[in-house]
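Visitor: Sharing upload_8.cif here; it has mmCIF, C-alpha atoms.
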data_protein
loop_
_atom_site.label_atom_id
_atom_site.label_comp_id
_atom_site.auth_asym_id
_atom_site.auth_seq_id
_atom_site.Cartn_x
_atom_site.Cartn_y
_atom_site.Cartn_z
CA MET A 1 -5.40 -26.48 7.87
CA THR A 2 -3.13 -27.06 10.85
CA GLN A 3 -2.19 -24.43 13.39
CA ALA A 4 1.14 -23.52 14.95
CA LYS A 5 0.76 -23.62 18.76
CA VAL A 6 1.44 -19.95 19.39
CA ARG A 7 -1.12 -17.28 20.31
CA PHE A 8 -0.89 -13.51 19.90
CA ALA A 9 -2.89 -10.64 21.37
CA SER A 10 -2.29 -8.35 18.38
CA PHE A 11 -0.69 -8.09 14.96
CA ASP A 12 2.17 -6.08 16.47
CA GLU A 13 2.91 -8.88 18.92
CA TYR A 14 2.87 -11.43 16.09
CA PHE A 15 5.06 -9.20 13.90
CA LYS A 16 7.69 -8.78 16.61
CA TRP A 17 7.68 -12.51 17.45
CA SER A 18 7.89 -13.66 13.84
CA SER A 19 10.68 -11.19 13.04
CA ASP A 20 12.94 -13.06 15.45
CA PRO A 21 15.15 -15.49 13.45
CA ASP A 22 14.70 -18.06 16.22
CA HIS A 23 10.98 -18.21 15.40
CA HIS A 24 11.27 -19.03 11.70
CA LEU A 25 8.23 -20.95 10.43
CA GLU A 26 8.28 -23.39 7.54
CA GLY A 27 5.42 -22.95 5.10
CA ARG A 28 2.84 -20.17 4.75
CA TYR A 29 0.64 -18.97 7.60
CA GLU A 30 -2.19 -16.52 8.14
CA LEU A 31 -2.92 -14.88 11.48
CA VAL A 32 -6.52 -15.78 12.42
CA ASP A 33 -8.05 -15.06 15.85
CA GLY A 34 -4.58 -14.67 17.33
CA GLU A 35 -3.31 -18.02 16.01
CA LEU A 36 -1.16 -18.96 13.04
CA VAL A 37 -3.08 -21.10 10.56
CA ASN A 38 -1.03 -23.05 8.04
CA LEU A 39 -2.16 -22.60 4.43
CA PRO A 40 -2.47 -25.75 2.32
CA THR A 41 -0.25 -26.20 -0.72
CA GLU A 42 -1.63 -25.14 -4.07
CA SER A 43 -2.85 -27.57 -6.71
CA GLU A 44 -0.63 -28.05 -9.76
CA LEU A 45 -2.98 -26.03 -11.99
CA ASN A 46 -3.40 -23.17 -9.54
CA GLY A 47 0.35 -22.88 -9.13
CA ALA A 48 0.87 -23.00 -12.90
CA ILE A 49 -1.68 -20.20 -13.45
CA ALA A 50 0.03 -17.87 -10.98
CA HIS A 51 3.45 -18.60 -12.51
CA TYR A 52 2.05 -18.10 -16.02
CA ILE A 53 0.71 -14.62 -15.19
CA PHE A 54 4.07 -13.81 -13.57
CA ALA A 55 5.95 -14.95 -16.69
CA GLU A 56 3.70 -12.97 -19.03
CA LEU A 57 4.19 -9.77 -17.04
CA ILE A 58 7.95 -10.31 -17.10
CA LYS A 59 7.85 -10.84 -20.89
CA LEU A 60 6.17 -7.45 -21.19
CA GLY A 61 9.09 -5.88 -19.37
CA PHE A 62 7.50 -5.47 -15.95
CA PRO A 63 10.26 -5.20 -13.29
CA PHE A 64 11.05 -8.66 -11.94
CA ARG A 65 11.45 -7.54 -8.33
CA LEU A 66 8.01 -5.97 -8.22
CA ILE A 67 6.15 -9.26 -8.72
CA ARG A 68 5.93 -11.71 -5.82
CA LEU A 69 4.52 -15.23 -5.88
CA TYR A 70 3.28 -16.81 -2.61
CA GLN A 71 5.71 -14.79 -0.49
CA CYS A 72 4.32 -11.31 0.15
CA GLU A 73 2.48 -11.03 3.46
CA LEU A 74 -0.17 -8.32 3.85
CA GLN A 75 -1.57 -6.96 7.07
CA VAL A 76 -5.30 -6.51 6.48
CA PRO A 77 -8.05 -5.04 8.66
CA LEU A 78 -10.32 -7.27 10.69
CA LEU A 79 -13.73 -6.51 9.14
CA GLN A 80 -15.74 -9.58 10.15
CA PRO A 81 -15.38 -12.07 13.03
CA GLY A 82 -13.09 -14.88 11.95
CA ASP A 83 -11.30 -12.84 9.27
CA ALA A 84 -7.57 -13.34 8.91
CA GLN A 85 -5.41 -10.39 9.94
CA THR A 86 -2.76 -11.33 7.40
CA ARG A 87 -3.01 -12.60 3.84
CA ILE A 88 -0.46 -14.16 1.51
CA PRO A 89 -1.90 -13.71 -1.99
CA ASP A 90 -0.95 -15.98 -4.87
CA LEU A 91 0.54 -13.05 -6.81
CA VAL A 92 1.26 -9.49 -5.71
CA VAL A 93 2.46 -6.58 -7.85
CA LEU A 94 4.39 -4.16 -5.65
CA ARG A 95 5.12 -0.46 -6.03
CA GLN A 96 8.67 0.78 -6.55
CA GLU A 97 8.78 2.26 -3.03
CA HIS A 98 8.12 -1.17 -1.55
CA LEU A 99 11.62 -2.33 -2.43
CA GLU A 100 13.08 -0.11 0.28
CA LEU A 101 10.19 -0.57 2.72
CA LEU A 102 10.46 -4.36 2.50
CA SER A 103 14.25 -4.58 2.64
CA THR A 104 14.24 -6.58 5.89
CA ARG A 105 10.92 -8.43 5.62
CA THR A 106 8.32 -8.91 2.87
CA THR A 107 5.34 -7.82 4.94
CA ILE A 108 3.21 -4.87 3.84
CA THR A 109 1.67 -3.33 6.96
CA LEU A 110 -1.34 -1.01 7.10
CA GLU A 111 1.00 2.00 7.43
CA MET A 112 2.59 1.25 4.02
CA PRO A 113 1.23 1.97 0.53
CA PRO A 114 -0.89 -0.91 -0.79
CA PRO A 115 0.22 -3.15 -3.67
CA GLN A 116 -0.76 -2.16 -7.19
CA MET A 117 -2.43 -5.47 -7.96
CA ILE A 118 -3.35 -8.78 -6.37
CA VAL A 119 -4.24 -12.07 -8.07
CA GLU A 120 -5.90 -14.93 -6.22
CA VAL A 121 -6.41 -18.29 -7.94
CA ALA A 122 -9.55 -19.79 -6.43
CA SER A 123 -9.81 -23.38 -5.25
CA PRO A 124 -12.99 -25.51 -5.28
CA GLY A 125 -15.37 -25.43 -2.33
CA LYS A 126 -17.86 -22.93 -0.91
CA ARG A 127 -15.53 -21.86 1.88
CA ASN A 128 -12.66 -21.09 -0.49
CA GLN A 129 -14.94 -19.24 -2.91
CA LYS A 130 -16.46 -17.15 -0.11
CA ARG A 131 -13.01 -16.21 1.17
CA ASP A 132 -11.84 -14.91 -2.25
CA TYR A 133 -15.09 -13.23 -3.33
CA GLN A 134 -16.13 -11.75 0.02
CA SER A 135 -13.53 -11.63 2.82
CA LYS A 136 -10.45 -10.90 0.72
CA LEU A 137 -12.39 -8.63 -1.63
CA ALA A 138 -13.51 -6.45 1.29
CA GLN A 139 -10.06 -6.43 2.92
CA TYR A 140 -8.17 -5.59 -0.28
CA GLN A 141 -10.66 -2.83 -1.01
CA GLU A 142 -10.18 -1.45 2.50
CA ILE A 143 -6.40 -1.19 2.18
CA GLY A 144 -6.65 0.39 -1.29
CA VAL A 145 -5.42 -2.26 -3.73
CA ARG A 146 -6.45 -0.73 -7.05
CA GLU A 147 -6.75 -3.97 -9.07
CA TYR A 148 -7.89 -7.38 -7.85
CA TRP A 149 -8.21 -10.51 -9.99
CA ILE A 150 -9.91 -13.76 -9.04
CA VAL A 151 -8.91 -16.51 -11.44
CA ASN A 152 -11.44 -19.28 -10.94
CA PRO A 153 -10.68 -22.59 -12.71
CA PRO A 154 -13.76 -24.38 -11.26
CA LEU A 155 -16.02 -21.71 -12.81
CA SER A 156 -13.84 -21.23 -15.92
CA GLN A 157 -13.76 -17.46 -15.49
CA VAL A 158 -11.54 -14.55 -14.52
CA THR A 159 -13.23 -11.80 -12.49
CA ILE A 160 -11.61 -8.40 -12.27
CA PHE A 161 -12.27 -5.55 -9.86
CA HIS A 162 -10.93 -2.00 -10.10
CA LEU A 163 -10.91 0.40 -7.17
CA GLU A 164 -13.07 3.50 -7.67
CA PRO A 165 -13.81 6.30 -5.19
CA THR A 166 -16.93 4.39 -4.11
CA GLY A 167 -15.07 1.08 -3.69
CA TYR A 168 -14.44 -1.91 -5.92
CA GLN A 169 -16.32 -2.00 -9.20
CA GLN A 170 -16.48 -5.30 -11.08
CA VAL A 171 -15.00 -4.76 -14.54
CA GLY A 172 -16.32 -8.08 -15.77
CA GLU A 173 -16.30 -11.86 -15.69
CA PHE A 174 -14.16 -13.06 -18.57
CA ARG A 175 -14.42 -16.49 -20.20
CA GLY A 176 -13.14 -18.38 -23.22
CA ASN A 177 -11.56 -16.19 -25.88
CA GLN A 178 -12.46 -12.91 -24.18
CA SER A 179 -9.43 -10.69 -23.62
CA VAL A 180 -8.62 -9.95 -19.98
CA PRO A 181 -7.86 -6.25 -19.37
CA CYS A 182 -5.05 -5.32 -17.02
CA LEU A 183 -5.04 -1.86 -15.44
CA THR A 184 -1.55 -2.34 -14.00
CA HIS A 185 -0.04 -3.21 -17.39
CA PRO A 186 -2.33 -2.21 -20.31
CA ALA A 187 -0.13 -4.08 -22.81
CA PHE A 188 -1.13 -7.38 -21.16
CA ASN A 189 -2.95 -9.31 -23.91
CA LEU A 190 -4.20 -12.73 -22.88
CA THR A 191 -7.57 -14.41 -23.11
CA ALA A 192 -9.34 -15.93 -20.14
CA GLN A 193 -8.79 -19.39 -21.61
CA GLN A 194 -5.04 -18.84 -21.90
CA ILE A 195 -4.90 -17.80 -18.24
CA LEU A 196 -7.18 -20.59 -16.99
CA THR A 197 -5.09 -23.24 -18.73
CA ALA A 198 -1.75 -21.55 -17.92
CA GLY A 199 -1.00 -21.22 -21.63
CA SER A 200 -1.27 -24.95 -22.32
CA ILE A 201 -3.97 -24.66 -25.03
#
Turn this file's structure into structure tokens for me.
Guide:
Amino acid sequence: MTQAKVRFASFDEYFKWSSDPDHHLEGRYELVDGELVNLPTESELNGAIAHYIFAELIKLGFPFRLIRLYQCELQVPLLQPGDAQTRIPDLVVLRQEHLELLSTRTTITLEMPPPQMIVEVASPGKRNQKRDYQSKLAQYQEIGVREYWIVNPPLSQVTIFHLEPTGYQQVGEFRGNQSVPCLTHPAFNLTAQQILTAGSI
């Protein structure tokens, strides 16, 4: 990952700077230790999986404007040294009230309601796996995201967490022809294999 040569003392300073049209950045960045770190592009399969889940939710009648792919920035709490202070999930399901709150910029701050659901499609490598299963898991739990999916092609499984009063509870690790339950849209009816292959089976 490459870094933009700008440093910030706080999220608020970054937010004000990046809201200036003269400071438009190409690509996707996370704020890490006061610096902007450029996120690598997704693999073809990972991108296809995120788009496939998006398309299936739309087919079920889920409002188009409430689903965002690779474009919704979240402010997240700094829980461990080296954690990012912002995340850009692969897929985010918004709440209706977000449409007004995000009218000028698609950044959900800590003062706003959390998204309904987040999907991350994991990439190979210990560092990537740790980020999705530990750092992001803890941060999404902290801000109150009620449903979190980790779609993991390298492990051929879909892991789902639901937020309970005591924190995230793992609903299960789904593989093959097992149906994947969706709290956000109970009519969702796909198997893990369909998701992991982006419907190409």
Visitor: Identify the residues around (10.6, -3.5, -11.4) within a radius of 10 Å, measuring from only C-alpha atoms in the coordinates stated by the file, and give them as a PyMOL selection string.
Guide: chain A and resi 58+61-67+93-96+99
Visitor: Deliver the residues from the most recent selection as a file, using C-alpha atoms, as a PDB file, in the coordinates of the input.
Guide:
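Full text of result06.pdb as output:
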ATOM      1  CA  ILE A  58       7.950 -10.310 -17.100  1.00  0.00           C
ATOM      2  CA  GLY A  61       9.090  -5.880 -19.370  1.00  0.00           C
ATOM      3  CA  PHE A  62       7.500  -5.470 -15.950  1.00  0.00           C
ATOM      4  CA  PRO A  63      10.260  -5.200 -13.290  1.00  0.00           C
ATOM      5  CA  PHE A  64      11.050  -8.660 -11.940  1.00  0.00           C
ATOM      6  CA  ARG A  65      11.450  -7.540  -8.330  1.00  0.00           C
ATOM      7  CA  LEU A  66       8.010  -5.970  -8.220  1.00  0.00           C
ATOM      8  CA  ILE A  67       6.150  -9.260  -8.720  1.00  0.00           C
ATOM      9  CA  VAL A  93       2.460  -6.580  -7.850  1.00  0.00           C
ATOM     10  CA  LEU A  94       4.390  -4.160  -5.650  1.00  0.00           C
ATOM     11  CA  ARG A  95       5.120  -0.460  -6.030  1.00  0.00           C
ATOM     12  CA  GLN A  96       8.670   0.780  -6.550  1.00  0.00           C
ATOM     13  CA  LEU A  99      11.620  -2.330  -2.430  1.00  0.00           C
TER      14      LEU A  99
END
Visitor: Out of A:Gly167, A:Pro153, A:Gly199, A:Gly34, which residue has the shortest atom-to-atom distance to Asp83 of chain A when counting all atoms listed in the file?
Guide: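 Result for the nearest residue to Asp83 of chain A: A:Gly34.
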Visitor: At most 9 Å is the cut-off: for each residue in segment 43-128 of chain A with any atom that close to an atom of segment 6-26 of chain A, write down the nearest atom pair and the distance in Å rounded to one decimal, counting all atoms listed in the file, chain first then increasing number, as a Markdown table.
Guide:
| residue | atom | partner | partner_atom | distance |
| --- | --- | --- | --- | --- |
| A:Gln75 | CA | A:Phe11 | CA | 8.0 |
| A:Gln85 | CA | A:Phe11 | CA | 7.3 |
| A:Thr86 | CA | A:Phe11 | CA | 8.5 |
| A:Arg105 | CA | A:Ser19 | CA | 7.9 |
Visitor: With the file shown as input, list the residues that the PyMOL selection byres ((chain A and resi 163) around 9) selects, as a list in words.
Guide: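 Applying the expression gives Gln141, Gly144, Val145, Arg146, Glu147, Tyr148, Phe161, His162, Glu164, Pro165, Thr166, Gly167, Tyr168, Gln169 and Gln170 of chain A.
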Visitor: Please produce a file of the residues just selected, as a PDB file, in the frame of the given file, where the atoms kept are C-alpha atoms.
Guide:
ATOM      1  CA  GLN A 141     -10.660  -2.830  -1.010  1.00  0.00           C
ATOM      2  CA  GLY A 144      -6.650   0.390  -1.290  1.00  0.00           C
ATOM      3  CA  VAL A 145      -5.420  -2.260  -3.730  1.00  0.00           C
ATOM      4  CA  ARG A 146      -6.450  -0.730  -7.050  1.00  0.00           C
ATOM      5  CA  GLU A 147      -6.750  -3.970  -9.070  1.00  0.00           C
ATOM      6  CA  TYR A 148      -7.890  -7.380  -7.850  1.00  0.00           C
ATOM      7  CA  PHE A 161     -12.270  -5.550  -9.860  1.00  0.00           C
ATOM      8  CA  HIS A 162     -10.930  -2.000 -10.100  1.00  0.00           C
ATOM      9  CA  GLU A 164     -13.070   3.500  -7.670  1.00  0.00           C
ATOM     10  CA  PRO A 165     -13.810   6.300  -5.190  1.00  0.00           C
ATOM     11  CA  THR A 166     -16.930   4.390  -4.110  1.00  0.00           C
ATOM     12  CA  GLY A 167     -15.070   1.080  -3.690  1.00  0.00           C
ATOM     13  CA  TYR A 168     -14.440  -1.910  -5.920  1.00  0.00           C
ATOM     14  CA  GLN A 169     -16.320  -2.000  -9.200  1.00  0.00           C
ATOM     15  CA  GLN A 170     -16.480  -5.300 -11.080  1.00  0.00           C
TER      16      GLN A 170
END
Visitor: Could you list, as a ChimeraX atom specification, every residue matched by the PyMOL selection byres ((chain A and resi 187) around 12) in this structure?
Guide: /A:56-62,179-186,188-190
Visitor: How would the residues just picked look written out with C-alpha atoms as a compact mmCIF listing (two decimals), keeping the file's coordinate frame?
Guide:
# COMPACT_ATOMS: atom_id res chain seq x y z
CA GLU A 56 3.70 -12.97 -19.03
CA LEU A 57 4.19 -9.77 -17.04
CA ILE A 58 7.95 -10.31 -17.10
CA LYS A 59 7.85 -10.84 -20.89
CA LEU A 60 6.17 -7.45 -21.19
CA GLY A 61 9.09 -5.88 -19.37
CA PHE A 62 7.50 -5.47 -15.95
CA SER A 179 -9.43 -10.69 -23.62
CA VAL A 180 -8.62 -9.95 -19.98
CA PRO A 181 -7.86 -6.25 -19.37
CA CYS A 182 -5.05 -5.32 -17.02
CA LEU A 183 -5.04 -1.86 -15.44
CA THR A 184 -1.55 -2.34 -14.00
CA HIS A 185 -0.04 -3.21 -17.39
CA PRO A 186 -2.33 -2.21 -20.31
CA PHE A 188 -1.13 -7.38 -21.16
CA ASN A 189 -2.95 -9.31 -23.91
CA LEU A 190 -4.20 -12.73 -22.88
Visitor: So which one's closest to Gln134 of chain A, A:Pro154, A:Leu79, A:Thr107, A:Ile88? Using all atoms listed in the file, please.
Guide: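 Among the listed residues, A:Leu79 lies closest to Gln134 of chain A.
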Visitor: Mind working out the centre and edge lengths of an axis-aligned box for segment 29-38 of chain A, all listed atoms inside, 3 Å added to each side, rounded to one decimal in Å and written as AutoDock Vina command-line options?
Guide:
--center_x -3.7 --center_y -18.9 --center_z 12.5 --size_x 14.7 --size_y 14.4 --size_z 15.7
Visitor: Name the residues captured by the PyMOL selection byres ((chain A and resi 158) around 10) when it is applied to the shown file; answer as a PDB file with C-alpha atoms, in the coordinates of the input.
Guide:
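Result file follows (result-v4.pdb):
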ATOM      1  CA  VAL A 121      -6.410 -18.290  -7.940  1.00  0.00           C
ATOM      2  CA  ALA A 122      -9.550 -19.790  -6.430  1.00  0.00           C
ATOM      3  CA  TRP A 149      -8.210 -10.510  -9.990  1.00  0.00           C
ATOM      4  CA  ILE A 150      -9.910 -13.760  -9.040  1.00  0.00           C
ATOM      5  CA  VAL A 151      -8.910 -16.510 -11.440  1.00  0.00           C
ATOM      6  CA  ASN A 152     -11.440 -19.280 -10.940  1.00  0.00           C
ATOM      7  CA  PRO A 153     -10.680 -22.590 -12.710  1.00  0.00           C
ATOM      8  CA  LEU A 155     -16.020 -21.710 -12.810  1.00  0.00           C
ATOM      9  CA  SER A 156     -13.840 -21.230 -15.920  1.00  0.00           C
ATOM     10  CA  GLN A 157     -13.760 -17.460 -15.490  1.00  0.00           C
ATOM     11  CA  THR A 159     -13.230 -11.800 -12.490  1.00  0.00           C
ATOM     12  CA  ILE A 160     -11.610  -8.400 -12.270  1.00  0.00           C
ATOM     13  CA  GLY A 172     -16.320  -8.080 -15.770  1.00  0.00           C
ATOM     14  CA  GLU A 173     -16.300 -11.860 -15.690  1.00  0.00           C
ATOM     15  CA  PHE A 174     -14.160 -13.060 -18.570  1.00  0.00           C
ATOM     16  CA  ARG A 175     -14.420 -16.490 -20.200  1.00  0.00           C
ATOM     17  CA  GLY A 176     -13.140 -18.380 -23.220  1.00  0.00           C
ATOM     18  CA  GLN A 178     -12.460 -12.910 -24.180  1.00  0.00           C
ATOM     19  CA  VAL A 180      -8.620  -9.950 -19.980  1.00  0.00           C
ATOM     20  CA  THR A 191      -7.570 -14.410 -23.110  1.00  0.00           C
ATOM     21  CA  ALA A 192      -9.340 -15.930 -20.140  1.00  0.00           C
ATOM     22  CA  GLN A 193      -8.790 -19.390 -21.610  1.00  0.00           C
ATOM     23  CA  ILE A 195      -4.900 -17.800 -18.240  1.00  0.00           C
ATOM     24  CA  LEU A 196      -7.180 -20.590 -16.990  1.00  0.00           C
TER      25      LEU A 196
END
Visitor: Of the candidates A:Glu111, A:Asp90, A:Glu100, A:Glu73, which one gets nearest to Asp132 of chain A if we count all atoms listed in the file?
Guide: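 Ranked by minimum distance to Asp132 of chain A, first place goes to A:Asp90.
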Visitor: Given the choices A:Val37, A:Val76, A:Leu91, A:Met117, which gets closest to Ala138 of chain A if the distance is worked out from only C-alpha atoms?
Guide: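 So, comparing all the options, the nearest one is A:Val76.
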Visitor: Of the candidates A:Ile49, A:Val119, A:Ile108, A:Leu102, which one gets nearest to Thr197 of chain A if we count only C-alpha atoms?
Guide: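 With only C-alpha atoms as the atom set, the closest residue is A:Ile49.
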Visitor: Pick from A:Lys136, A:Arg127, A:His98, A:Arg87: nearest to Gln71 of chain A, with only C-alpha atoms counted?
Guide: A:Arg87
Visitor: Work out how far atom CA of Arg131 of chain A is from atom CA of Leu31 of chain A, in Å to one decimal.
Guide: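 Calculated distance between atom CA of Leu31 of chain A and atom CA of Arg131 of chain A is 14.5 Å.
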Visitor: Work out how far atom CA of Leu39 of chain A is from atom CA of Ala84 of chain A, in Å to one decimal.
Guide: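 A separation of 11.6 Å between them.
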Visitor: What is the distance, in Å and to one decimal place, between atom CA of Ala48 of chain A and atom CA of Asn128 of chain A?
Guide: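 Between atom CA of Ala48 of chain A and atom CA of Asn128 of chain A the gap works out to 18.5 Å.
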